[in-house]
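Please read the structure below before turning to the comments.
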Amino acid sequence: MSGTNHKTALITGASQGLGLALAGQLVKDGWKLIIDARGETALAAAYRILAPHGRVVAVPGDVTEPAHRQELAEAAARLGGLDLLVNNAGMLGPSPQPELLDYPLEILEQVYRANVIAPLGVVQAVRKHLKPGAVVLNITSDAGVEAYPGWGGYGSSKAALEQLSNILAAENPAWRVYWLDPGDMRTAMHQAAFPGENISDRPLPEASVPGIMALIQSDRPSGRYRASQFAGAASTI
Ligand SMILES: NC(=O)c1ccc[n+]([C@@H]2O[C@H](COP(=O)([O-])OP(=O)(O)OC[C@H]3O[C@@H](n4cnc5c(N)ncnc54)[C@H](OP(=O)(O)O)[C@@H]3O)[C@@H](O)[C@H]2O)c1
């Protein structure tokens, strides 16, 4: 462990992509981590990458399920509370994404459950374990504010997560609540959003991590941020 702090973070969806990249930086900076994902094999592989650097607790499960959110809360209690909650797990929906007039409503419900209801459910589950001054970081998207044709399901769910975060911040001034657009990243979700397309020109998720670290370590007020606005941030703060 290279860092000296004794802070604890819960990151949802940390078996790959942005969640794993952010977990890697936090654990190297000395943070204790709780991570989850549905796929147990990939989560175990992520654990093997992270655990040599510090204290990591992996809790396999689905954030849309209340029983799993309770398990996350119990893990948070065992580690003495949370300084940071990152609601990172998310769902794109169908690939390719249908336009709204053709969007299957039962799948839209699943997207909203994963991208809106579950993040609030995690906050509700761990609320007693969020330390004073804790950071709640909800990962949103430019698709939550831009009107990209074909992005109506995912985009409107991220818009809902943004306003939910905004009101959560107003209701809980003791926390810093951030809703953050990480930018385009070369991940499985991004490939699913652009099926058959060569996405090798998109930056890896590690490129978004310095900006996110800069925000976490800042004293910026609750609000909406983009990882790219902290361009030039050092990778270890
Ligand atoms: N990639 C981009 O260009 C981009 C741009 C803007 C915003 N974002 C946002 O950034 C976040 C991370 O995206 P990513 O691109 O890194 O995605 P990713 O590579 O697909 O990784 C998603 C992670 O979340 C987990 N996950 C998904 N659903 C879950 C659930 N219901 N319960 C628990 N874990 C779950 C996945 O594992 P399992 O499938 O095994 O559960 C995986 O570990 C998302 O919120 C996404 O909307 C991404």
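Within each chain, counting starts at residue 1; across the structure tokens, chains are named A, B, ... in the order shown, with ligands numbered 1 upward in that order.
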Exercise: segment 95-105 of chain A partners within 12 Å, only C-alpha atoms, chain neighbours under 6 positions left out, as a list of chain:residue names: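 That gives A:Val111, A:Tyr112, A:Ala147, A:Tyr148, A:Pro149, A:Gly150, A:Trp151, A:Gly152, A:Gly153, A:Tyr154, A:Gly155, A:Ser156, A:Ala188, A:Met189, A:His190, A:Gln191, A:Ala192, A:Ala193, A:Phe194, A:Pro195, A:Gly196, A:Glu197.
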Surrounding residues as a count of residues only, ligand 1, max 8 Å, only C-alpha atoms and all ligand atoms: 51
Distance criterion (only C-alpha atoms): nearest to His53 of chain A out of A:Ala67, A:Ile199, A:Ala169, A:Ala23: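 When distances to His53 of chain A are compared using only C-alpha atoms, the smallest one comes from A:Ala23.
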Selection: 8 Å around segment 220-227 of chain A, only C-alpha atoms, excl. self and same-chain fewer than 4 positions, as number ranges by chain: A: 162, 166, 169, 175-183, 208-212, 215, 231
Point-to-point distance in Å for atom CA of Ala134 of chain A and atom CA of Leu85 of chain A: 7.9 Å
Residue contacts of segment 69-82 of chain A (10 Å, only C-alpha atoms) excluding same-chain residues fewer than 6 positions away, as a ChimeraX atom specification: /A:7-12,32-36,55,57-63,118-119,121-136
Pull N, CA, C and O atoms from the residues just selected and write them as a compact mmCIF listing (two decimals), in the first residue's frame.
```txt
# COMPACT_ATOMS: atom_id res chain seq x y z
N LYS A 7 -9.02 5.84 4.70
CA LYS A 7 -10.39 6.06 4.27
C LYS A 7 -10.94 4.80 3.60
O LYS A 7 -10.19 3.93 3.15
N THR A 8 -12.27 4.75 3.55
CA THR A 8 -12.95 3.57 3.01
C THR A 8 -13.93 4.00 1.93
O THR A 8 -14.67 4.96 2.11
N ALA A 9 -13.91 3.24 0.82
CA ALA A 9 -14.81 3.53 -0.30
C ALA A 9 -15.59 2.28 -0.68
O ALA A 9 -15.06 1.16 -0.63
N LEU A 10 -16.83 2.46 -1.08
CA LEU A 10 -17.64 1.42 -1.71
C LEU A 10 -17.82 1.83 -3.16
O LEU A 10 -18.30 2.93 -3.45
N ILE A 11 -17.40 0.95 -4.06
CA ILE A 11 -17.53 1.20 -5.50
C ILE A 11 -18.39 0.09 -6.09
O ILE A 11 -17.99 -1.09 -6.04
N THR A 12 -19.52 0.43 -6.67
CA THR A 12 -20.34 -0.59 -7.32
C THR A 12 -19.83 -0.80 -8.75
O THR A 12 -19.30 0.12 -9.38
N LYS A 32 -9.29 1.68 1.89
CA LYS A 32 -9.93 0.37 2.02
C LYS A 32 -11.12 0.35 1.07
O LYS A 32 -11.81 1.37 0.94
N LEU A 33 -11.36 -0.79 0.44
CA LEU A 33 -12.39 -0.85 -0.60
C LEU A 33 -13.41 -1.95 -0.35
O LEU A 33 -13.05 -3.05 0.07
N ILE A 34 -14.64 -1.64 -0.69
CA ILE A 34 -15.69 -2.65 -0.88
C ILE A 34 -16.08 -2.56 -2.35
O ILE A 34 -16.36 -1.45 -2.85
N ILE A 35 -16.06 -3.69 -3.04
CA ILE A 35 -16.40 -3.69 -4.46
C ILE A 35 -17.47 -4.75 -4.72
O ILE A 35 -17.57 -5.73 -3.98
N ASP A 36 -18.24 -4.52 -5.77
CA ASP A 36 -19.21 -5.54 -6.16
C ASP A 36 -19.33 -5.62 -7.67
O ASP A 36 -18.78 -4.79 -8.41
N ARG A 55 -6.51 -3.37 1.64
CA ARG A 55 -7.67 -4.09 2.16
C ARG A 55 -8.83 -3.98 1.17
O ARG A 55 -9.29 -2.86 0.88
N VAL A 57 -12.64 -5.81 0.12
CA VAL A 57 -13.73 -6.75 0.39
C VAL A 57 -14.59 -6.82 -0.87
O VAL A 57 -15.11 -5.80 -1.33
N ALA A 58 -14.70 -8.01 -1.45
CA ALA A 58 -15.51 -8.19 -2.66
C ALA A 58 -16.82 -8.87 -2.28
O ALA A 58 -16.83 -9.91 -1.63
N VAL A 59 -17.92 -8.25 -2.68
CA VAL A 59 -19.26 -8.76 -2.35
C VAL A 59 -20.02 -8.97 -3.66
O VAL A 59 -20.56 -8.02 -4.22
N PRO A 60 -20.04 -10.20 -4.20
CA PRO A 60 -20.75 -10.40 -5.45
C PRO A 60 -22.25 -10.19 -5.29
O PRO A 60 -22.82 -10.56 -4.25
N GLY A 61 -22.86 -9.58 -6.30
CA GLY A 61 -24.30 -9.38 -6.23
C GLY A 61 -24.76 -8.30 -7.18
O GLY A 61 -23.95 -7.64 -7.85
N ASP A 62 -26.08 -8.10 -7.19
CA ASP A 62 -26.74 -7.20 -8.13
C ASP A 62 -27.30 -6.01 -7.36
O ASP A 62 -28.13 -6.19 -6.45
N VAL A 63 -26.88 -4.80 -7.72
CA VAL A 63 -27.31 -3.62 -6.96
C VAL A 63 -28.81 -3.35 -7.08
O VAL A 63 -29.35 -2.58 -6.30
N ALA A 118 -31.52 1.78 -8.24
CA ALA A 118 -30.47 1.09 -7.48
C ALA A 118 -29.47 2.06 -6.83
O ALA A 118 -29.13 1.88 -5.66
N PRO A 119 -28.98 3.09 -7.55
CA PRO A 119 -28.07 4.02 -6.86
C PRO A 119 -28.70 4.66 -5.62
O PRO A 119 -28.04 4.76 -4.57
N GLY A 121 -31.09 3.32 -3.92
CA GLY A 121 -31.21 2.22 -2.96
C GLY A 121 -29.92 1.97 -2.21
O GLY A 121 -29.93 1.67 -1.01
N VAL A 122 -28.79 2.09 -2.91
CA VAL A 122 -27.50 1.90 -2.22
C VAL A 122 -27.29 3.02 -1.20
O VAL A 122 -26.88 2.78 -0.06
N VAL A 123 -27.60 4.25 -1.59
CA VAL A 123 -27.45 5.38 -0.63
C VAL A 123 -28.33 5.13 0.58
O VAL A 123 -27.89 5.29 1.74
N GLN A 124 -29.58 4.74 0.33
CA GLN A 124 -30.48 4.48 1.47
C GLN A 124 -29.93 3.37 2.36
O GLN A 124 -29.98 3.46 3.59
N ALA A 125 -29.39 2.32 1.74
CA ALA A 125 -28.91 1.17 2.51
C ALA A 125 -27.71 1.53 3.38
O ALA A 125 -27.58 1.02 4.50
N VAL A 126 -26.83 2.40 2.87
CA VAL A 126 -25.59 2.69 3.61
C VAL A 126 -25.66 4.01 4.36
O VAL A 126 -24.66 4.43 4.94
N ARG A 127 -26.80 4.68 4.36
CA ARG A 127 -26.87 6.05 4.90
C ARG A 127 -26.30 6.15 6.31
O ARG A 127 -25.61 7.12 6.65
N LYS A 128 -26.59 5.13 7.15
CA LYS A 128 -26.10 5.17 8.55
C LYS A 128 -24.59 5.05 8.61
O LYS A 128 -23.97 5.36 9.62
N HIS A 129 -23.99 4.53 7.54
CA HIS A 129 -22.55 4.25 7.54
C HIS A 129 -21.75 5.29 6.75
O HIS A 129 -20.54 5.14 6.60
N LEU A 130 -22.43 6.31 6.23
CA LEU A 130 -21.71 7.40 5.55
C LEU A 130 -21.23 8.37 6.62
O LEU A 130 -22.03 8.94 7.36
N LYS A 131 -19.92 8.55 6.70
CA LYS A 131 -19.35 9.41 7.73
C LYS A 131 -19.68 10.87 7.43
O LYS A 131 -19.92 11.23 6.27
N PRO A 132 -19.65 11.74 8.43
CA PRO A 132 -19.84 13.17 8.16
C PRO A 132 -18.82 13.63 7.13
O PRO A 132 -17.64 13.27 7.20
N GLY A 133 -19.29 14.40 6.16
CA GLY A 133 -18.38 14.87 5.11
C GLY A 133 -18.13 13.87 4.00
O GLY A 133 -17.30 14.10 3.12
N ALA A 134 -18.85 12.74 4.05
CA ALA A 134 -18.65 11.71 3.03
C ALA A 134 -19.00 12.24 1.64
O ALA A 134 -19.78 13.18 1.49
N VAL A 135 -18.39 11.60 0.65
CA VAL A 135 -18.66 11.93 -0.75
C VAL A 135 -19.53 10.82 -1.36
O VAL A 135 -19.21 9.64 -1.23
N VAL A 136 -20.62 11.24 -1.96
CA VAL A 136 -21.45 10.33 -2.77
C VAL A 136 -21.23 10.73 -4.23
O VAL A 136 -21.52 11.87 -4.61
```
Contact residues around Leu26 of chain A with only C-alpha atoms at 9 Å, ignoring same-chain residues under 4 positions, as a list in words: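 Contacts, with the query itself left out: Gly3, Ala9, Ala21, Leu22, Gly30, Trp31, Lys32, Leu33, Met213 and Thr236 of chain A.
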